[in-house]
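Participant: The structure follows.
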Amino acid sequence: MSIAENLAEVRSRIAAAAGRAGRATDDVTLVAVSKTFSAEVVREAVAAGQTVFGENKVQEGLVKIPELPDRLEWHLIGHLQSNKIRKALAVFPWIETVDSLERAEQIERVADEEGLFPKALLQVNVADDSAKFGFSVEAARRDLDALLELERVEIRGLMTIPAFDPDPEKSRPHFAALRELRDELAAAAGIPLPDLSMGMSHDYEVAVEEGATFVRVGSAIFGERKSILSQQGSQQG
Ligand SMILES: *Cc1c(COP(=O)(O)O)cnc(C)c1O
C-alpha cells in the first residue's frame with residue numbers, strides 16, 4: 001500500500017468512527033506522525049492532501065520542517081525539555097505535551113520574547129500516575145486556573161498517551177476519562193477546552209468514538225518505523 005492509499009484508508013476509518021458516534025468528520029483532525037521518516041517521505045503525504053504533521057523530537061523537527069512547505073502545521077508530540085523551548089516554538093505552533101505548570105510558564109516567557117502565541121494541550125496521565133511525564137488528574141485540576149492566566153500560551157485542551165495495549169478496547173476507558181476530565185475542567189473554568197488529542201495507529205477509531213479531535217497516527221500511514229528506540233521514543237526530547 002502506498003502512503004496515499006494508507007491515508008485514504010485512515011481517513012475513511014475516521015469518518016466511519018465519527019459517524020458511529022454521531023460526530024462530524026470535520027471535527028477530527030488527522031495528525032500524521034512522521035517521526036523517523038524523511039522530508040521526502042512526508043512530501044508523499046503532502047501530495048495526498050495531508051497538511052497536519054506530528055514529530056516527537058525537537059531536533060528532528062528542526063531539520064525536517066524547514067525542508068517542507070510553509071503551509072503545513074506541525075505538532076510537537078514528545079516531551080519538551082526546558083532548554084529546547086525556543087527552538088521548538090520556532091517550528092511547532094502546537095505543543096501537545098505541556099506536562100507541568102512550570103513548563104507552561106517557561107513556554108510563556110519564551111513566547112513573549114519571540115512574539116509568538118503557541119497553542120497547547122495539557123498532557124494528562126489519566127491511566128497511570130507513575131508515568132514519567134504529564135499532569136496527574138489532581139495536578140491538572142489544581143493548576144488549571146494558573147494555566148489559563150497565561151497570555152501567550154493558549155490552552156486548547158488535553159492530550160493523553162495510555163500505556164500500549166494491542167487491544168484497542170483497553171484504551172477506551174482512558175479516552176473516556178480524558179473526555180470527562182476535559183468536560184469537568186471546562187465547566188469549572190467556564191471556558192471551552194475544545195481539543196482532545198488521543199488515539200494512535202492501533203486505537204484511533206476508538207478514540208474518535210470517544211471524542212478525539214486530534215488523532216496521532218504514524219505507522220498506519222507511513223509503515224513500520226525501523227528503530228525500536230524510535231518507536232519507544234515518544235517520551236524523548
Ligand atoms: C509515535 C507516536 C504516535 C504514533 O504512533 P503509531 O503507533 O505509529 O501511530 C502517536 N503519539 C505519540 C505521542 C507518539 O510518540
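Each chain in the C-alpha cells gets a letter, A, B and so on, in the order shown; residues start at 1 in every chain, and ligands are counted from 1 in the order they appear.
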Please return as a ChimeraX atom specification: the residues of segment 80-231 of chain A that backbone DSSP assigns to strand (DSSP E).

Facilitator: /A:94-98,119-123,154-159,195-197,214-217

Participant: With N, CA and C atoms retained, write the just-selected residues as a PDB file, in the first residue's frame.

Facilitator:
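File produced: again_39.pdb:
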ATOM      1  N   TRP A  94       2.032  24.168  17.589  1.00  0.00           N
ATOM      2  CA  TRP A  94       1.263  23.392  18.563  1.00  0.00           C
ATOM      3  C   TRP A  94       2.231  22.581  19.435  1.00  0.00           C
ATOM      4  N   ILE A  95       2.091  22.729  20.749  1.00  0.00           N
ATOM      5  CA  ILE A  95       2.814  21.876  21.693  1.00  0.00           C
ATOM      6  C   ILE A  95       1.763  21.020  22.392  1.00  0.00           C
ATOM      7  N   GLU A  96       1.743  19.728  22.050  1.00  0.00           N
ATOM      8  CA  GLU A  96       0.698  18.858  22.619  1.00  0.00           C
ATOM      9  C   GLU A  96       1.099  18.290  23.972  1.00  0.00           C
ATOM     10  N   THR A  97       2.329  18.559  24.377  1.00  0.00           N
ATOM     11  CA  THR A  97       2.889  17.848  25.523  1.00  0.00           C
ATOM     12  C   THR A  97       3.328  18.792  26.647  1.00  0.00           C
ATOM     13  N   VAL A  98       2.503  19.768  26.949  1.00  0.00           N
ATOM     14  CA  VAL A  98       2.775  20.613  28.121  1.00  0.00           C
ATOM     15  C   VAL A  98       2.458  19.759  29.346  1.00  0.00           C
ATOM     16  N   LYS A 119      -0.205  27.329  20.568  1.00  0.00           N
ATOM     17  CA  LYS A 119      -1.357  26.580  21.049  1.00  0.00           C
ATOM     18  C   LYS A 119      -0.835  25.362  21.807  1.00  0.00           C
ATOM     19  N   ALA A 120      -1.534  25.027  22.883  1.00  0.00           N
ATOM     20  CA  ALA A 120      -1.001  23.981  23.743  1.00  0.00           C
ATOM     21  C   ALA A 120      -2.094  23.033  24.213  1.00  0.00           C
ATOM     22  N   LEU A 121      -1.682  21.798  24.439  1.00  0.00           N
ATOM     23  CA  LEU A 121      -2.521  20.816  25.120  1.00  0.00           C
ATOM     24  C   LEU A 121      -1.807  20.396  26.385  1.00  0.00           C
ATOM     25  N   LEU A 122      -2.580  20.099  27.409  1.00  0.00           N
ATOM     26  CA  LEU A 122      -2.010  19.573  28.648  1.00  0.00           C
ATOM     27  C   LEU A 122      -1.954  18.052  28.528  1.00  0.00           C
ATOM     28  N   GLN A 123      -0.759  17.513  28.665  1.00  0.00           N
ATOM     29  CA  GLN A 123      -0.613  16.054  28.651  1.00  0.00           C
ATOM     30  C   GLN A 123      -0.988  15.534  30.034  1.00  0.00           C
ATOM     31  N   GLU A 154      -1.942  29.396  24.601  1.00  0.00           N
ATOM     32  CA  GLU A 154      -3.385  29.159  24.569  1.00  0.00           C
ATOM     33  C   GLU A 154      -3.669  27.684  24.863  1.00  0.00           C
ATOM     34  N   ILE A 155      -4.242  27.424  26.025  1.00  0.00           N
ATOM     35  CA  ILE A 155      -4.543  26.036  26.402  1.00  0.00           C
ATOM     36  C   ILE A 155      -5.820  25.609  25.673  1.00  0.00           C
ATOM     37  N   ARG A 156      -5.657  24.707  24.726  1.00  0.00           N
ATOM     38  CA  ARG A 156      -6.783  24.316  23.863  1.00  0.00           C
ATOM     39  C   ARG A 156      -7.473  23.039  24.321  1.00  0.00           C
ATOM     40  N   GLY A 157      -6.846  22.309  25.250  1.00  0.00           N
ATOM     41  CA  GLY A 157      -7.468  21.060  25.682  1.00  0.00           C
ATOM     42  C   GLY A 157      -6.448  20.105  26.267  1.00  0.00           C
ATOM     43  N   LEU A 158      -6.720  18.813  26.124  1.00  0.00           N
ATOM     44  CA  LEU A 158      -5.944  17.778  26.796  1.00  0.00           C
ATOM     45  C   LEU A 158      -5.435  16.736  25.798  1.00  0.00           C
ATOM     46  N   MET A 159      -4.363  16.073  26.208  1.00  0.00           N
ATOM     47  CA  MET A 159      -3.774  15.013  25.396  1.00  0.00           C
ATOM     48  C   MET A 159      -3.385  13.881  26.324  1.00  0.00           C
ATOM     49  N   ASP A 195     -10.207  20.833  22.447  1.00  0.00           N
ATOM     50  CA  ASP A 195      -9.442  19.765  21.805  1.00  0.00           C
ATOM     51  C   ASP A 195      -9.063  18.613  22.726  1.00  0.00           C
ATOM     52  N   LEU A 196      -9.134  17.424  22.158  1.00  0.00           N
ATOM     53  CA  LEU A 196      -8.704  16.191  22.821  1.00  0.00           C
ATOM     54  C   LEU A 196      -7.822  15.435  21.842  1.00  0.00           C
ATOM     55  N   SER A 197      -6.533  15.287  22.184  1.00  0.00           N
ATOM     56  CA  SER A 197      -5.615  14.523  21.339  1.00  0.00           C
ATOM     57  C   SER A 197      -5.438  13.151  21.940  1.00  0.00           C
ATOM     58  N   PHE A 214      -8.061  15.354  17.769  1.00  0.00           N
ATOM     59  CA  PHE A 214      -6.805  15.037  17.084  1.00  0.00           C
ATOM     60  C   PHE A 214      -6.512  13.557  17.307  1.00  0.00           C
ATOM     61  N   VAL A 215      -6.218  12.844  16.232  1.00  0.00           N
ATOM     62  CA  VAL A 215      -5.657  11.506  16.374  1.00  0.00           C
ATOM     63  C   VAL A 215      -4.244  11.546  15.802  1.00  0.00           C
ATOM     64  N   ARG A 216      -3.311  10.914  16.497  1.00  0.00           N
ATOM     65  CA  ARG A 216      -1.897  10.954  16.117  1.00  0.00           C
ATOM     66  C   ARG A 216      -1.521   9.605  15.505  1.00  0.00           C
ATOM     67  N   VAL A 217      -1.470   9.552  14.201  1.00  0.00           N
ATOM     68  CA  VAL A 217      -1.316   8.270  13.523  1.00  0.00           C
ATOM     69  C   VAL A 217      -0.021   8.248  12.712  1.00  0.00           C
TER      70      VAL A 217
END

Participant: Which protein, DNA or RNA residues have an atom within 10 Å of ligand 1, counting only C-alpha atoms and all ligand atoms, as a ChimeraX atom specification?

Facilitator: /A:31-36,54-57,76-79,96-97,123,159-162,164,197-204,215-225,230-236

Participant: Write out as JSON lines the residues of segment 169-200 of chain A that have any atom within 8 Å of an atom of segment 125-140 of chain A, one row each with the nearest atom pair and its distance in Å to one decimal, counting only C-alpha atoms, sorted by chain and then rising number.

Facilitator:
{"residue": "A:His174", "atom": "CA", "partner": "A:Ala127", "partner_atom": "CA", "distance": 5.8}
{"residue": "A:Ala177", "atom": "CA", "partner": "A:Val126", "partner_atom": "CA", "distance": 6.5}
{"residue": "A:Leu178", "atom": "CA", "partner": "A:Val126", "partner_atom": "CA", "distance": 6.3}
{"residue": "A:Leu181", "atom": "CA", "partner": "A:Val137", "partner_atom": "CA", "distance": 7.8}

Participant: Mind listing the helix (DSSP H, G or I) residues of segment 17-84 of chain A, per DSSP on the backbone, as a PyMOL selection string?

Facilitator: chain A and resi 17-20+25-27+39-47+58-67+82-84

Participant: If we count only C-alpha atoms and set the cut-off at 12 Å, which residues sit around Arg13 of chain A, ignoring sequence neighbours fewer than 3 positions away in its own chain? Please answer as an MDAnalysis selection string.

Facilitator: chainID A and resid 6:10 16:20 25 28 30 201:209 215 220

Participant: Any chance you could export the current selection's N, CA, C and O atoms as a short mmCIF file (atom, residue, chain, number, x, y, z; two decimals), in the first residue's frame?

Facilitator:
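Writing done, so here's part34.cif:
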data_model
loop_
_atom_site.label_atom_id
_atom_site.label_comp_id
_atom_site.auth_asym_id
_atom_site.auth_seq_id
_atom_site.Cartn_x
_atom_site.Cartn_y
_atom_site.Cartn_z
N ASN A 6 -2.79 4.48 2.20
CA ASN A 6 -2.91 4.37 3.66
C ASN A 6 -3.68 5.56 4.23
O ASN A 6 -4.53 5.41 5.11
N LEU A 7 -3.36 6.75 3.72
CA LEU A 7 -4.06 7.95 4.20
C LEU A 7 -5.55 7.88 3.90
O LEU A 7 -6.39 8.20 4.75
N ALA A 8 -5.88 7.40 2.70
CA ALA A 8 -7.29 7.30 2.33
C ALA A 8 -8.01 6.33 3.27
O ALA A 8 -9.14 6.57 3.71
N GLU A 9 -7.33 5.23 3.57
CA GLU A 9 -7.91 4.22 4.47
C GLU A 9 -8.13 4.79 5.88
O GLU A 9 -9.20 4.64 6.47
N VAL A 10 -7.10 5.49 6.39
CA VAL A 10 -7.22 6.05 7.75
C VAL A 10 -8.34 7.10 7.77
O VAL A 10 -9.18 7.12 8.68
N ALA A 16 -15.89 6.85 9.42
CA ALA A 16 -16.83 5.82 9.88
C ALA A 16 -16.99 5.87 11.40
O ALA A 16 -18.10 5.79 11.93
N ALA A 17 -15.86 6.03 12.11
CA ALA A 17 -15.92 6.09 13.58
C ALA A 17 -16.68 7.33 14.03
O ALA A 17 -17.48 7.27 14.97
N ALA A 18 -16.45 8.45 13.36
CA ALA A 18 -17.17 9.67 13.69
C ALA A 18 -18.66 9.45 13.47
O ALA A 18 -19.49 9.82 14.31
N GLY A 19 -19.00 8.82 12.35
CA GLY A 19 -20.41 8.53 12.06
C GLY A 19 -21.05 7.68 13.14
O GLY A 19 -22.17 7.96 13.57
N ARG A 20 -20.34 6.65 13.61
CA ARG A 20 -20.90 5.78 14.66
C ARG A 20 -21.18 6.57 15.93
O ARG A 20 -22.08 6.24 16.69
N THR A 25 -17.25 14.42 10.74
CA THR A 25 -15.87 14.03 10.39
C THR A 25 -14.92 15.22 10.49
O THR A 25 -13.77 15.07 10.89
N VAL A 28 -12.61 16.04 13.51
CA VAL A 28 -11.43 15.23 13.81
C VAL A 28 -10.31 15.59 12.84
O VAL A 28 -10.49 15.51 11.63
N LEU A 30 -6.61 14.69 11.52
CA LEU A 30 -5.60 13.63 11.47
C LEU A 30 -4.21 14.27 11.55
O LEU A 30 -3.82 15.03 10.66
N SER A 201 -2.10 4.59 15.91
CA SER A 201 -2.47 3.68 14.80
C SER A 201 -3.40 2.54 15.23
O SER A 201 -4.29 2.16 14.49
N HIS A 202 -3.18 1.99 16.41
CA HIS A 202 -3.94 0.79 16.79
C HIS A 202 -5.27 1.10 17.46
O HIS A 202 -6.10 0.21 17.62
N ASP A 203 -5.47 2.37 17.88
CA ASP A 203 -6.70 2.63 18.65
C ASP A 203 -7.36 3.97 18.30
O ASP A 203 -8.18 4.46 19.07
N TYR A 204 -7.03 4.53 17.11
CA TYR A 204 -7.60 5.85 16.80
C TYR A 204 -9.10 5.81 16.57
O TYR A 204 -9.80 6.79 16.82
N GLU A 205 -9.61 4.67 16.07
CA GLU A 205 -11.06 4.61 15.83
C GLU A 205 -11.84 4.69 17.15
O GLU A 205 -12.85 5.39 17.26
N VAL A 206 -11.33 3.98 18.15
CA VAL A 206 -11.94 4.05 19.48
C VAL A 206 -11.84 5.48 20.03
O VAL A 206 -12.78 6.01 20.62
N ALA A 207 -10.70 6.10 19.79
CA ALA A 207 -10.51 7.48 20.28
C ALA A 207 -11.52 8.43 19.64
O ALA A 207 -12.09 9.29 20.32
N VAL A 208 -11.75 8.26 18.34
CA VAL A 208 -12.74 9.12 17.66
C VAL A 208 -14.13 8.87 18.25
O VAL A 208 -14.88 9.80 18.51
N GLU A 209 -14.45 7.62 18.50
CA GLU A 209 -15.76 7.31 19.11
C GLU A 209 -15.90 7.98 20.47
O GLU A 209 -17.00 8.34 20.89
N VAL A 215 -6.22 12.84 16.23
CA VAL A 215 -5.66 11.51 16.37
C VAL A 215 -4.24 11.55 15.80
O VAL A 215 -4.00 12.19 14.79
N ALA A 220 0.36 3.49 10.68
CA ALA A 220 -0.73 3.13 9.75
C ALA A 220 -0.67 3.95 8.47
O ALA A 220 -1.29 3.58 7.47
#

Participant: Quick one: distance from atom CA of Phe175 of chain A to atom CA of Val124 of chain A in Å, one decimal?

Facilitator: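 So the two atoms, atom CA of Phe175 of chain A and atom CA of Val124 of chain A, lie 10.9 Å apart.
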
Participant: Rounded to one decimal place, report the atom CA of Leu148 of chain A-atom CA of Leu89 of chain A distance in Å.

Facilitator: 19.0 Å

Participant: Distance atom CA of Thr29 of chain A-atom CA of Ser12 of chain A, one decimal place?

Facilitator: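 Between atom CA of Thr29 of chain A and atom CA of Ser12 of chain A the gap works out to 12.5 Å.
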
Participant: Which residue gives the smallest distance to Glu40 of chain A among A:Ile3, A:Ala163, A:Leu150, A:Ala104, with only C-alpha atoms counted?

Facilitator: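 Nearest candidate to Glu40 of chain A out of A:Ile3, A:Ala163, A:Leu150, A:Ala104: A:Ile3.
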
Participant: Pick from A:Arg11, A:Arg86, A:Arg103, A:Arg71: nearest to Leu147 of chain A, with only C-alpha atoms counted?

Facilitator: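 Distance minimum relative to Leu147 of chain A lands on A:Arg103.
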
Participant: Determine, counting only C-alpha atoms, which protein, DNA and RNA residues have an atom within 9 Å of an atom of Ala176 of chain A; residues of the same chain fewer than 4 positions away are not included. Present the result as a list in words.

Facilitator: Ser171, Arg172, Glu180, Leu181, Ala207, Glu210 and Gly211 of chain A
